[in-house]
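> The following file, structure-v3.cif, comprises mmCIF, C-alpha atoms and all ligand atoms:
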data_model
#
loop_
_atom_site.label_atom_id
_atom_site.label_comp_id
_atom_site.auth_asym_id
_atom_site.auth_seq_id
_atom_site.Cartn_x
_atom_site.Cartn_y
_atom_site.Cartn_z
CA MET A 1 8.48 -16.29 -11.75
CA ALA A 2 5.30 -14.54 -12.89
CA GLU A 3 4.72 -15.00 -16.61
CA ASN A 4 1.30 -13.55 -17.19
CA ILE A 5 -0.08 -10.75 -15.02
CA VAL A 6 -3.10 -8.53 -14.53
CA LEU A 7 -2.32 -5.02 -13.29
CA LEU A 8 -4.94 -3.22 -11.20
CA GLY A 9 -4.17 0.52 -10.98
CA SER A 10 -1.87 0.67 -14.01
CA THR A 11 -1.77 4.48 -14.34
CA GLY A 12 -0.51 5.16 -10.81
CA SER A 13 3.00 5.43 -9.45
CA ILE A 14 3.28 1.68 -8.70
CA GLY A 15 1.35 0.78 -11.87
CA VAL A 16 3.72 2.64 -14.20
CA GLN A 17 6.81 1.17 -12.50
CA THR A 18 5.28 -2.33 -12.67
CA LEU A 19 4.95 -1.96 -16.44
CA GLU A 20 8.59 -0.93 -16.64
CA VAL A 21 9.52 -4.14 -14.81
CA ALA A 22 7.16 -6.21 -17.00
CA ARG A 23 8.73 -4.67 -20.12
CA ASN A 24 12.28 -5.49 -18.92
CA LEU A 25 11.42 -9.05 -17.95
CA GLY A 26 9.17 -9.76 -20.94
CA ILE A 27 6.17 -10.59 -18.74
CA ARG A 28 2.84 -10.81 -20.53
CA VAL A 29 0.18 -8.32 -19.36
CA SER A 30 -3.37 -9.66 -19.83
CA ALA A 31 -5.35 -6.77 -18.34
CA LEU A 32 -4.87 -3.19 -17.20
CA THR A 33 -7.31 -1.28 -15.02
CA ALA A 34 -7.40 2.33 -13.84
CA TYR A 35 -9.76 4.98 -12.52
CA SER A 36 -9.87 7.72 -15.17
CA ASN A 37 -6.56 8.47 -16.91
CA ILE A 38 -7.52 7.20 -20.37
CA ASP A 39 -4.65 8.99 -22.16
CA LEU A 40 -2.08 6.94 -20.28
CA LEU A 41 -4.24 3.81 -20.36
CA GLU A 42 -4.48 4.14 -24.15
CA ARG A 43 -0.68 4.35 -24.51
CA GLN A 44 -0.20 1.41 -22.15
CA ALA A 45 -2.79 -0.69 -24.01
CA LYS A 46 -1.18 0.06 -27.38
CA GLU A 47 2.21 -1.05 -26.08
CA PHE A 48 1.23 -4.14 -24.05
CA ARG A 49 -1.82 -5.25 -26.07
CA PRO A 50 -3.74 -6.75 -23.14
CA ARG A 51 -6.87 -8.82 -23.68
CA MET A 52 -8.83 -6.35 -21.58
CA VAL A 53 -8.64 -2.85 -20.16
CA SER A 54 -11.02 -1.27 -17.71
CA VAL A 55 -11.52 2.35 -16.77
CA PHE A 56 -13.64 2.79 -13.66
CA ASP A 57 -15.42 5.91 -14.95
CA LYS A 58 -18.18 4.67 -17.29
CA THR A 59 -18.37 7.78 -19.49
CA LEU A 60 -14.66 7.60 -20.24
CA ALA A 61 -14.90 3.91 -21.17
CA ALA A 62 -16.87 4.73 -24.36
CA GLU A 63 -14.17 7.21 -25.43
CA LEU A 64 -11.40 4.69 -24.70
CA LYS A 65 -13.26 2.04 -26.69
CA ASN A 66 -13.17 4.34 -29.75
CA ARG A 67 -9.49 5.01 -29.32
CA LEU A 68 -8.65 1.29 -29.03
CA ALA A 69 -10.88 0.16 -31.92
CA GLY A 70 -9.18 -2.53 -33.99
CA LEU A 71 -6.68 -3.46 -31.27
CA GLY A 72 -8.62 -6.57 -30.18
CA THR A 73 -8.76 -5.34 -26.59
CA GLU A 74 -12.05 -5.54 -24.71
CA VAL A 75 -12.92 -2.31 -22.84
CA LEU A 76 -14.91 -2.53 -19.60
CA SER A 77 -15.77 -0.17 -16.76
CA GLY A 78 -16.92 0.09 -13.15
CA PRO A 79 -16.41 -2.58 -10.47
CA GLU A 80 -17.28 -5.24 -13.10
CA GLY A 81 -14.17 -4.27 -15.04
CA ASN A 82 -11.87 -4.99 -12.09
CA ARG A 83 -13.78 -8.21 -11.37
CA ALA A 84 -13.51 -9.46 -14.96
CA ALA A 85 -9.80 -8.58 -15.08
CA VAL A 86 -8.91 -10.75 -12.08
CA GLY A 87 -10.79 -13.68 -13.62
CA ILE A 88 -8.99 -13.83 -16.98
CA ASP A 89 -7.75 -17.34 -17.85
CA GLY A 90 -4.07 -18.18 -17.89
CA VAL A 91 -3.00 -15.40 -15.52
CA ASP A 92 -0.71 -16.44 -12.64
CA THR A 93 -0.33 -13.15 -10.74
CA VAL A 94 -2.44 -10.09 -10.05
CA VAL A 95 -0.54 -6.93 -9.15
CA ALA A 96 -2.78 -4.99 -6.74
CA ALA A 97 -1.78 -1.34 -7.17
CA ILE A 98 -5.11 0.47 -6.72
CA VAL A 99 -5.02 3.09 -3.97
CA GLY A 100 -7.38 2.88 -0.98
CA ILE A 101 -10.05 0.40 0.07
CA ALA A 102 -11.23 0.35 -3.57
CA GLY A 103 -8.52 -2.30 -3.99
CA LEU A 104 -10.00 -4.68 -1.41
CA ILE A 105 -12.74 -6.47 -3.38
CA PRO A 106 -10.71 -7.01 -6.59
CA THR A 107 -7.80 -8.34 -4.51
CA ILE A 108 -10.00 -10.80 -2.62
CA GLU A 109 -11.57 -11.89 -5.90
CA ALA A 110 -8.12 -12.45 -7.40
CA ILE A 111 -7.29 -14.74 -4.46
CA ARG A 112 -10.60 -16.58 -4.80
CA ASN A 113 -9.73 -17.16 -8.45
CA GLY A 114 -6.48 -18.80 -7.32
CA ARG A 115 -4.17 -16.00 -8.50
CA ASN A 116 -0.99 -15.10 -6.63
CA VAL A 117 -1.05 -11.48 -5.50
CA ALA A 118 1.81 -8.99 -5.66
CA LEU A 119 0.40 -6.55 -3.15
CA ALA A 120 1.02 -2.81 -3.11
CA ASN A 121 -2.48 -1.92 -1.87
CA LYS A 122 -1.84 -1.95 1.89
CA GLU A 123 -5.41 -0.76 2.66
CA THR A 124 -6.56 -4.28 1.72
CA LEU A 125 -4.70 -5.80 4.67
CA VAL A 126 -5.41 -2.89 7.01
CA THR A 127 -9.16 -3.30 6.62
CA ALA A 128 -9.53 -7.04 6.02
CA GLY A 129 -6.17 -8.64 6.82
CA ARG A 130 -7.62 -11.58 8.70
CA ILE A 131 -10.09 -12.45 5.91
CA VAL A 132 -7.59 -11.92 3.09
CA MET A 133 -4.78 -14.00 4.62
CA ALA A 134 -7.17 -16.82 5.58
CA GLU A 135 -8.54 -16.87 2.04
CA ALA A 136 -5.01 -16.94 0.57
CA GLU A 137 -4.12 -19.87 2.79
CA ARG A 138 -7.29 -21.74 1.89
CA ARG A 139 -6.63 -21.28 -1.85
CA GLY A 140 -2.91 -21.95 -1.54
CA VAL A 141 -1.92 -18.67 -3.20
CA LYS A 142 1.03 -16.44 -2.40
CA VAL A 143 0.59 -12.85 -1.18
CA PHE A 144 3.95 -11.20 -1.82
CA PRO A 145 4.37 -7.62 -0.55
CA ILE A 146 5.48 -4.81 -2.83
CA ASP A 147 5.64 -2.28 0.00
CA SER A 148 9.41 -1.83 0.45
CA GLU A 149 9.42 -2.38 4.24
CA HIS A 150 7.45 -5.60 3.98
CA SER A 151 9.50 -6.81 1.05
CA ALA A 152 12.56 -6.21 3.26
CA ILE A 153 11.05 -8.15 6.17
CA TYR A 154 10.08 -11.00 3.85
CA GLN A 155 13.72 -11.21 2.76
CA CYS A 156 15.06 -10.92 6.32
CA LEU A 157 12.80 -13.77 7.48
CA ALA A 158 13.68 -16.05 4.55
CA GLY A 159 15.84 -19.02 5.52
CA ASN A 160 15.19 -18.53 9.25
CA ARG A 161 12.64 -20.07 11.59
CA LYS A 162 9.89 -17.56 12.30
CA GLN A 163 9.70 -18.60 15.97
CA ASP A 164 13.32 -17.43 16.38
CA ALA A 165 12.39 -13.89 15.30
CA GLU A 166 11.66 -11.61 18.26
CA ARG A 167 10.75 -8.32 16.65
CA LEU A 168 10.15 -6.65 13.33
CA LEU A 169 11.90 -3.28 13.02
CA LEU A 170 9.96 -1.22 10.52
CA THR A 171 11.85 1.81 9.24
CA ALA A 172 10.21 5.16 8.40
CA SER A 173 11.74 8.13 6.58
CA GLY A 174 9.94 10.51 8.95
CA GLY A 175 8.49 12.44 6.00
CA PRO A 176 8.93 16.15 5.20
CA PHE A 177 8.04 17.34 8.74
CA ARG A 178 10.42 15.17 10.72
CA GLY A 179 11.66 17.02 13.82
CA LYS A 180 8.77 19.49 13.84
CA LYS A 181 6.44 19.84 16.83
CA TYR A 182 2.63 19.77 16.72
CA HIS A 183 2.17 23.58 16.90
CA GLU A 184 4.49 24.04 13.90
CA LEU A 185 2.28 21.81 11.74
CA THR A 186 -1.09 23.52 12.07
CA GLY A 187 -0.60 25.78 9.05
CA VAL A 188 1.18 23.46 6.61
CA THR A 189 -0.24 23.28 3.09
CA ALA A 190 -0.91 20.33 0.82
CA ALA A 191 1.96 21.47 -1.44
CA GLN A 192 4.40 21.33 1.50
CA ALA A 193 3.09 17.94 2.61
CA LEU A 194 3.44 16.57 -0.93
CA GLU A 195 7.22 17.16 -0.92
CA HIS A 196 8.56 13.83 0.23
CA PRO A 197 12.32 13.83 0.97
CA THR A 198 13.22 10.36 -0.36
CA TRP A 199 10.32 8.65 -2.21
CA ASN A 200 8.28 9.75 -5.24
CA MET A 201 4.75 8.31 -4.88
CA GLY A 202 1.01 8.91 -5.43
CA SER A 203 -0.57 11.84 -3.56
CA LYS A 204 -2.53 9.84 -0.94
CA ILE A 205 0.45 7.81 0.27
CA THR A 206 2.63 10.94 0.22
CA ILE A 207 0.26 12.70 2.64
CA ASP A 208 0.13 9.49 4.70
CA SER A 209 3.93 9.63 4.88
CA ALA A 210 3.83 13.23 6.11
CA THR A 211 1.37 12.37 8.93
CA LEU A 212 3.14 9.03 9.65
CA MET A 213 -0.20 7.32 8.99
CA ASN A 214 1.61 5.41 6.25
CA LYS A 215 3.79 3.79 8.92
CA GLY A 216 0.73 3.11 11.04
CA LEU A 217 -0.96 1.36 8.10
CA GLU A 218 2.28 -0.56 7.55
CA VAL A 219 2.34 -1.78 11.16
CA ILE A 220 -1.13 -3.26 10.58
CA GLU A 221 -0.04 -4.62 7.19
CA ALA A 222 2.96 -6.33 8.86
CA ARG A 223 0.72 -7.82 11.54
CA TRP A 224 -1.30 -9.69 8.90
CA LEU A 225 1.49 -10.55 6.48
CA PHE A 226 3.86 -11.97 9.08
CA GLY A 227 1.63 -12.80 12.08
CA PHE A 228 3.48 -10.65 14.66
CA THR A 229 1.49 -8.98 17.45
CA PRO A 230 1.69 -5.15 17.74
CA ASP A 231 4.13 -5.26 20.70
CA LYS A 232 6.56 -7.15 18.43
CA ILE A 233 6.48 -4.51 15.69
CA ARG A 234 8.70 -1.50 16.39
CA VAL A 235 8.93 1.59 14.22
CA LEU A 236 12.29 3.36 13.84
CA VAL A 237 12.73 6.64 11.99
CA HIS A 238 15.59 6.27 9.51
CA PRO A 239 15.69 9.44 7.40
CA GLN A 240 18.01 8.10 4.68
CA SER A 241 15.54 5.35 3.58
CA ILE A 242 18.44 2.98 2.82
CA ILE A 243 17.61 0.22 5.31
CA HIS A 244 14.09 -0.77 4.27
CA SER A 245 13.40 -2.76 7.47
CA MET A 246 14.94 -5.36 9.77
CA VAL A 247 14.22 -8.46 11.82
CA GLU A 248 15.70 -8.91 15.29
CA TYR A 249 16.32 -12.55 16.34
CA ARG A 250 16.47 -14.06 19.80
CA ASP A 251 20.25 -14.49 19.74
CA GLY A 252 20.61 -10.71 19.37
CA SER A 253 21.29 -10.84 15.64
CA VAL A 254 19.58 -8.20 13.49
CA ILE A 255 19.15 -8.84 9.76
CA ALA A 256 18.52 -5.82 7.53
CA GLN A 257 17.78 -5.32 3.83
CA LEU A 258 19.37 -2.31 2.13
CA GLY A 259 18.99 -0.63 -1.21
CA GLN A 260 18.28 2.68 -2.91
CA PRO A 261 14.75 3.99 -2.40
CA ASP A 262 13.53 2.69 -5.78
CA MET A 263 10.18 0.86 -5.86
CA ARG A 264 11.13 -1.04 -9.02
CA ILE A 265 13.37 -3.25 -6.86
CA PRO A 266 10.58 -4.61 -4.58
CA ILE A 267 8.11 -4.68 -7.49
CA GLN A 268 10.46 -6.87 -9.52
CA LEU A 269 11.18 -9.13 -6.54
CA ALA A 270 7.44 -9.66 -5.95
CA LEU A 271 7.23 -10.94 -9.54
CA THR A 272 10.37 -13.10 -9.56
CA TRP A 273 10.67 -14.44 -5.98
CA PRO A 274 12.48 -16.63 -5.01
CA GLU A 275 14.53 -15.87 -8.12
CA ARG A 276 16.36 -12.59 -8.61
CA ARG A 277 16.85 -11.13 -12.05
CA SER A 278 19.55 -8.69 -13.20
CA ALA A 279 18.28 -5.15 -13.54
CA ASN A 280 19.77 -1.74 -14.15
CA PHE A 281 17.95 -0.08 -11.24
CA SER A 282 19.75 2.40 -8.99
CA ARG A 283 22.63 0.73 -7.13
CA LEU A 284 23.57 1.46 -3.55
CA ASP A 285 27.08 2.84 -3.09
CA LEU A 286 27.81 2.42 0.62
CA LEU A 287 30.80 4.76 0.37
CA LYS A 288 28.56 7.56 -0.88
CA CYS A 289 25.30 7.09 1.02
CA GLY A 290 26.60 8.79 4.18
CA PRO A 291 25.84 7.87 7.78
CA LEU A 292 22.75 5.80 8.50
CA THR A 293 20.86 7.19 11.51
CA PHE A 294 17.89 6.10 13.63
CA GLU A 295 15.43 7.93 15.88
CA GLU A 296 12.40 7.11 17.99
CA PRO A 297 9.18 8.24 16.22
CA ASP A 298 7.45 11.24 17.85
CA MET A 299 3.94 9.87 18.38
CA GLU A 300 2.83 12.98 20.30
CA THR A 301 3.27 15.14 17.22
CA PHE A 302 2.47 12.48 14.65
CA ARG A 303 -0.62 11.11 16.34
CA CYS A 304 -1.71 9.02 13.37
CA LEU A 305 0.95 6.42 14.20
CA ARG A 306 -0.32 6.10 17.78
CA LEU A 307 -3.94 5.87 16.49
CA ALA A 308 -2.95 3.01 14.17
CA TYR A 309 -1.47 1.02 17.08
CA ASP A 310 -4.68 1.74 19.06
CA ALA A 311 -6.85 0.58 16.14
CA LEU A 312 -4.84 -2.62 15.78
CA GLU A 313 -5.17 -3.27 19.52
CA ALA A 314 -8.95 -2.71 19.38
CA GLY A 315 -9.16 -5.08 16.38
CA GLY A 316 -12.28 -6.05 14.40
CA THR A 317 -13.68 -3.10 12.43
CA MET A 318 -11.52 -0.45 14.18
CA PRO A 319 -8.68 -0.51 11.60
CA THR A 320 -11.36 -0.02 8.91
CA VAL A 321 -12.54 3.08 10.78
CA LEU A 322 -8.96 4.33 11.03
CA ASN A 323 -8.40 3.72 7.32
CA GLY A 324 -11.73 5.09 6.09
CA ALA A 325 -11.53 8.23 8.24
CA ASN A 326 -7.97 8.73 6.99
CA GLU A 327 -8.94 8.34 3.32
CA ALA A 328 -11.77 10.85 3.78
CA ALA A 329 -9.61 13.31 5.76
CA VAL A 330 -6.67 13.14 3.30
CA LYS A 331 -9.07 13.89 0.43
CA LEU A 332 -10.43 16.92 2.31
CA PHE A 333 -6.90 18.09 3.11
CA LEU A 334 -5.81 17.77 -0.55
CA GLU A 335 -8.89 19.82 -1.52
CA GLY A 336 -7.79 22.53 0.93
CA ARG A 337 -10.93 22.09 3.07
CA ILE A 338 -9.25 21.08 6.34
CA GLY A 339 -5.87 21.66 7.94
CA PHE A 340 -3.05 19.13 8.38
CA CYS A 341 -3.74 18.64 12.10
CA ASP A 342 -7.44 18.04 11.41
CA ILE A 343 -6.45 14.69 9.85
CA PRO A 344 -5.60 12.93 13.16
CA ARG A 345 -8.38 14.85 14.95
CA LEU A 346 -11.09 13.57 12.58
CA ILE A 347 -9.72 10.03 12.72
CA GLU A 348 -9.66 10.02 16.50
CA GLU A 349 -13.21 11.39 16.71
CA ALA A 350 -14.42 8.65 14.37
CA MET A 351 -12.65 5.96 16.39
CA LEU A 352 -14.18 7.26 19.63
CA THR A 353 -17.68 7.12 18.14
CA HIS A 354 -17.30 3.59 16.78
CA ASP A 355 -18.68 0.44 18.39
CA VAL A 356 -16.28 -2.30 17.32
CA ASN A 357 -17.58 -5.40 15.59
CA THR A 358 -14.93 -7.89 16.70
CA SER A 359 -15.40 -10.50 13.96
CA PRO A 360 -16.59 -8.67 10.85
CA GLU A 361 -17.42 -10.27 7.51
CA LEU A 362 -16.46 -8.53 4.29
CA ASP A 363 -19.86 -6.83 4.03
CA ASP A 364 -19.47 -5.37 7.53
CA ILE A 365 -16.10 -3.94 6.55
CA ILE A 366 -17.51 -2.30 3.41
CA GLU A 367 -20.47 -0.94 5.42
CA THR A 368 -18.16 0.42 8.16
CA ASP A 369 -16.03 2.15 5.54
CA ARG A 370 -19.12 3.82 4.03
CA TRP A 371 -20.37 4.86 7.46
CA VAL A 372 -17.08 6.45 8.52
CA LYS A 373 -16.55 8.30 5.24
CA ARG A 374 -20.07 9.72 5.45
CA MET A 375 -19.50 10.74 9.04
CA VAL A 376 -16.19 12.50 8.38
CA GLY A 377 -17.76 14.32 5.41
CA GLU A 378 -20.74 15.46 7.48
CA SER A 379 -18.66 16.51 10.46
CA ILE A 380 -16.91 19.24 8.48
CA CYS A 381 -20.14 20.58 6.94
CA ILE A 382 -21.53 21.69 10.30
P1 LIG B 401 -1.54 6.38 -7.27
O1 LIG B 401 -2.55 7.35 -6.76
O2 LIG B 401 -0.34 6.91 -7.98
O3 LIG B 401 -2.24 5.32 -8.22
C1 LIG B 401 -3.44 4.68 -7.89
C2 LIG B 401 -3.95 3.88 -9.07
O4 LIG B 401 -5.19 3.28 -8.69
C3 LIG B 401 -4.24 4.71 -10.33
O5 LIG B 401 -3.88 3.97 -11.46
C4 LIG B 401 -5.76 4.87 -10.29
O6 LIG B 401 -6.31 5.07 -11.58
C5 LIG B 401 -6.13 3.50 -9.74
N1 LIG B 401 -7.48 3.39 -9.19
C6 LIG B 401 -8.06 4.09 -8.18
N2 LIG B 401 -9.31 3.65 -7.96
C7 LIG B 401 -9.53 2.65 -8.86
C8 LIG B 401 -10.62 1.79 -9.13
N3 LIG B 401 -11.77 1.87 -8.45
N4 LIG B 401 -10.50 0.88 -10.13
C9 LIG B 401 -9.35 0.79 -10.84
N5 LIG B 401 -8.27 1.56 -10.61
C10 LIG B 401 -8.37 2.48 -9.64
O7 LIG B 401 -1.10 5.50 -6.01
P2 LIG B 401 0.28 4.73 -5.77
O8 LIG B 401 1.24 5.62 -5.09
O9 LIG B 401 0.70 4.00 -7.01
O10 LIG B 401 -0.17 3.68 -4.67
C11 LIG B 401 -0.94 2.53 -4.97
C12 LIG B 401 -0.98 1.62 -3.75
O11 LIG B 401 0.35 1.17 -3.48
C13 LIG B 401 -1.44 2.32 -2.47
O12 LIG B 401 -2.19 1.44 -1.69
C14 LIG B 401 -0.13 2.67 -1.76
O13 LIG B 401 -0.28 2.74 -0.36
C15 LIG B 401 0.74 1.51 -2.16
N6 LIG B 401 2.18 1.79 -2.15
C16 LIG B 401 2.67 2.73 -2.97
C17 LIG B 401 4.04 3.01 -2.97
C18 LIG B 401 4.63 4.04 -3.91
O14 LIG B 401 5.85 4.19 -3.93
N7 LIG B 401 3.86 4.75 -4.68
C19 LIG B 401 4.88 2.32 -2.09
C20 LIG B 401 4.34 1.35 -1.27
C21 LIG B 401 2.99 1.09 -1.31
MG MG B 402 6.28 1.49 2.54
#
In structure tokens, write the structure found in this file.
Ligand code: NAD
Ligand code: MG

Amino acid sequence: MAENIVLLGSTGSIGVQTLEVARNLGIRVSALTAYSNIDLLERQAKEFRPRMVSVFDKTLAAELKNRLAGLGTEVLSGPEGNRAAVGIDGVDTVVAAIVGIAGLIPTIEAIRNGRNVALANKETLVTAGRIVMAEAERRGVKVFPIDSEHSAIYQCLAGNRKQDAERLLLTASGGPFRGKKYHELTGVTAAQALEHPTWNMGSKITIDSATLMNKGLEVIEARWLFGFTPDKIRVLVHPQSIIHSMVEYRDGSVIAQLGQPDMRIPIQLALTWPERRSANFSRLDLLKCGPLTFEEPDMETFRCLRLAYDALEAGGTMPTVLNGANEAAVKLFLEGRIGFCDIPRLIEEAMLTHDVNTSPELDDIIETDRWVKRMVGESICI
């Protein structure tokens, strides 16, 4: 079990729930990092008394330093803050809960420092899965998924031989627009897209759930975590979000993991595996949860899912283009500058323009991400 953690992205949805788990289990927290929410970071630092906190925004770091004077907590900022946090002595596990590709470098550095990683930041594996998993293997560290579907698959594979598993069945809630057709989605607003039916999450992943890009990113995440090719990863829409994913074996047996949609369950498991600890999280009452249903995803309407399979097939830097174009487009959509259906359109345009580098290094991935974000930004200014 993890005993001493560093939490990257402590003020977000996963970050806050991780601290709840750490509080319940009595896990020591050696560093907290966040982008700009110093009010929450201050409260968290005063409760958990980490050795270090870092706020990405440099101007806010000075203010936070004043507020934490006398606490004995070092206050850092910028990329150096994340880097220093993942290098603190005595830490066994880094919880990677930053949103977007911003989480990639700190996560890789955590692995290079020999830390186990409890991984929420799926964009890390989407953009650099091959590099990250190879590095983890070389250093002998564990990458345990926090994403509920991947946590489910991890559990469904445990105790079985991987070569006996035929397919991963990744479940998707379908998001707030399930059942709608493309023409009905052109006018939807950010407020409508932010209303997720079953999960309460940060704004970027909530939009990704509405476009089904989240499931596309998860297909790529599953490819790297479990080593299954895209044709062996099937997405099923399951609106109740009770079955978090399944594995189908060659004898026809399907193993599923069930539970309430409550991220504290997979977060805790990532910190205690292979142990399980008692917790008073929401319990599943099978008599009350109603029928469990399944549908084929509509990839004509929700084109982001199809684009993610295409990007995975193309390989190399293409998933970075998919991810970077999506991050840029979601930001523009949240700012009210583009429509909902412009998200897949901009991603597809970026993918069509891109010349794939089939065996990128980390620097190529960072450069590709910068290129695609610039391009998406410029394309809407004309
Ligand atoms: P969020 O927007 O609520 O939180 C993001 C956190 O990252 C914040 O604390 C923010 O301050 C921090 N951050 C951003 N840039 C940073 C930087 N450069 N340095 C330090 N901190 C930085 O997002 P979230 O919903 O908690 O999601 C976090 C990650 O977990 C995402 O990759 C998401 O896909 C994944 N995830 C989330 C959920 C969920 O239920 N929320 C479920 C599965 C996976
Ligand atoms: Mg998920």
> For stretch 244-254 of chain A, work out the shell of residues within 8 Å, counting all atoms listed in the file and skipping chain neighbours fewer than 6 positions away, then give it as a list in words.
Ser148, Glu149, His150, Ala152, Ile153, Cys156, Leu157, Asp164, Ala165, Glu166, Arg167, Leu168, Leu169, Leu170 and Thr171 of chain A
> From the list A:Asn113, A:Asn24, A:Thr272, A:Gln17, which residue is nearest ligand LIG 401 (chain B) when using all atoms listed in the file?
A:Gln17
> Find the spatial neighbours of A:Lys204, counting all atoms listed in the file, within a cut-off of 12 Å - ignore same-chain residues fewer than 5 positions away - and output them as a PyMOL selection string.
chain A and resi 12-13+98-100+121+123+190+193-194+196+209-211+213-214+323+326-335
> In terms of the shortest atom-to-atom distance over all atoms listed in the file, which of A:Gly78, A:Gly70, A:Gly129, A:Gly339 is closest to ligand LIG 401 (chain B)?
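Result for the nearest residue to ligand LIG 401 (chain B): A:Gly78.
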> Throw together the list of residues within 12 Å of ligand MG 402 (chain B), counting only C-alpha atoms and all ligand atoms, and drop it here as a PDB file with C-alpha atoms, in the frame of the given file.

ATOM      1  CA  ILE A  14       3.280   1.680  -8.700  1.00  0.00           C
ATOM      2  CA  LEU A 119       0.400  -6.550  -3.150  1.00  0.00           C
ATOM      3  CA  ALA A 120       1.020  -2.810  -3.110  1.00  0.00           C
ATOM      4  CA  ASN A 121      -2.480  -1.920  -1.870  1.00  0.00           C
ATOM      5  CA  LYS A 122      -1.840  -1.950   1.890  1.00  0.00           C
ATOM      6  CA  GLU A 123      -5.410  -0.760   2.660  1.00  0.00           C
ATOM      7  CA  PRO A 145       4.370  -7.620  -0.550  1.00  0.00           C
ATOM      8  CA  ILE A 146       5.480  -4.810  -2.830  1.00  0.00           C
ATOM      9  CA  ASP A 147       5.640  -2.280   0.000  1.00  0.00           C
ATOM     10  CA  SER A 148       9.410  -1.830   0.450  1.00  0.00           C
ATOM     11  CA  GLU A 149       9.420  -2.380   4.240  1.00  0.00           C
ATOM     12  CA  HIS A 150       7.450  -5.600   3.980  1.00  0.00           C
ATOM     13  CA  SER A 151       9.500  -6.810   1.050  1.00  0.00           C
ATOM     14  CA  ALA A 152      12.560  -6.210   3.260  1.00  0.00           C
ATOM     15  CA  ILE A 153      11.050  -8.150   6.170  1.00  0.00           C
ATOM     16  CA  LEU A 170       9.960  -1.220  10.520  1.00  0.00           C
ATOM     17  CA  THR A 171      11.850   1.810   9.240  1.00  0.00           C
ATOM     18  CA  ALA A 172      10.210   5.160   8.400  1.00  0.00           C
ATOM     19  CA  SER A 173      11.740   8.130   6.580  1.00  0.00           C
ATOM     20  CA  GLY A 174       9.940  10.510   8.950  1.00  0.00           C
ATOM     21  CA  GLY A 175       8.490  12.440   6.000  1.00  0.00           C
ATOM     22  CA  THR A 198      13.220  10.360  -0.360  1.00  0.00           C
ATOM     23  CA  TRP A 199      10.320   8.650  -2.210  1.00  0.00           C
ATOM     24  CA  ASN A 200       8.280   9.750  -5.240  1.00  0.00           C
ATOM     25  CA  MET A 201       4.750   8.310  -4.880  1.00  0.00           C
ATOM     26  CA  ILE A 205       0.450   7.810   0.270  1.00  0.00           C
ATOM     27  CA  THR A 206       2.630  10.940   0.220  1.00  0.00           C
ATOM     28  CA  ASP A 208       0.130   9.490   4.700  1.00  0.00           C
ATOM     29  CA  SER A 209       3.930   9.630   4.880  1.00  0.00           C
ATOM     30  CA  LEU A 212       3.140   9.030   9.650  1.00  0.00           C
ATOM     31  CA  MET A 213      -0.200   7.320   8.990  1.00  0.00           C
ATOM     32  CA  ASN A 214       1.610   5.410   6.250  1.00  0.00           C
ATOM     33  CA  LYS A 215       3.790   3.790   8.920  1.00  0.00           C
ATOM     34  CA  GLY A 216       0.730   3.110  11.040  1.00  0.00           C
ATOM     35  CA  LEU A 217      -0.960   1.360   8.100  1.00  0.00           C
ATOM     36  CA  GLU A 218       2.280  -0.560   7.550  1.00  0.00           C
ATOM     37  CA  VAL A 219       2.340  -1.780  11.160  1.00  0.00           C
ATOM     38  CA  ILE A 220      -1.130  -3.260  10.580  1.00  0.00           C
ATOM     39  CA  GLU A 221      -0.040  -4.620   7.190  1.00  0.00           C
ATOM     40  CA  ALA A 222       2.960  -6.330   8.860  1.00  0.00           C
ATOM     41  CA  VAL A 235       8.930   1.590  14.220  1.00  0.00           C
ATOM     42  CA  SER A 241      15.540   5.350   3.580  1.00  0.00           C
ATOM     43  CA  ILE A 243      17.610   0.220   5.310  1.00  0.00           C
ATOM     44  CA  HIS A 244      14.090  -0.770   4.270  1.00  0.00           C
ATOM     45  CA  SER A 245      13.400  -2.760   7.470  1.00  0.00           C
ATOM     46  CA  PRO A 261      14.750   3.990  -2.400  1.00  0.00           C
ATOM     47  CA  ASP A 262      13.530   2.690  -5.780  1.00  0.00           C
ATOM     48  CA  MET A 263      10.180   0.860  -5.860  1.00  0.00           C
ATOM     49  CA  PRO A 266      10.580  -4.610  -4.580  1.00  0.00           C
ATOM     50  CA  ILE A 267       8.110  -4.680  -7.490  1.00  0.00           C
TER      51      ILE A 267
END
> Figure out the distance between atom CA of A:Pro197 and atom CA of A:Leu236, please, to one decimal in Å.
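These two atoms are separated by 16.6 Å.
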> Neighbouring residues of A:Ala128 were defined as those with any atom within 9 Å, considering all atoms listed in the file; residues of the same chain fewer than 3 positions away were excluded. Please report them as a PDB file with C-alpha atoms, in the frame of the given file.

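Output file selection-v5.pdb follows:
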ATOM      1  CA  LEU A 104     -10.000  -4.680  -1.410  1.00  0.00           C
ATOM      2  CA  GLU A 123      -5.410  -0.760   2.660  1.00  0.00           C
ATOM      3  CA  THR A 124      -6.560  -4.280   1.720  1.00  0.00           C
ATOM      4  CA  LEU A 125      -4.700  -5.800   4.670  1.00  0.00           C
ATOM      5  CA  ILE A 131     -10.090 -12.450   5.910  1.00  0.00           C
ATOM      6  CA  VAL A 132      -7.590 -11.920   3.090  1.00  0.00           C
ATOM      7  CA  MET A 133      -4.780 -14.000   4.620  1.00  0.00           C
ATOM      8  CA  GLY A 316     -12.280  -6.050  14.400  1.00  0.00           C
ATOM      9  CA  THR A 317     -13.680  -3.100  12.430  1.00  0.00           C
ATOM     10  CA  PRO A 319      -8.680  -0.510  11.600  1.00  0.00           C
ATOM     11  CA  THR A 320     -11.360  -0.020   8.910  1.00  0.00           C
ATOM     12  CA  PRO A 360     -16.590  -8.670  10.850  1.00  0.00           C
ATOM     13  CA  GLU A 361     -17.420 -10.270   7.510  1.00  0.00           C
ATOM     14  CA  LEU A 362     -16.460  -8.530   4.290  1.00  0.00           C
ATOM     15  CA  ILE A 365     -16.100  -3.940   6.550  1.00  0.00           C
TER      16      ILE A 365
END
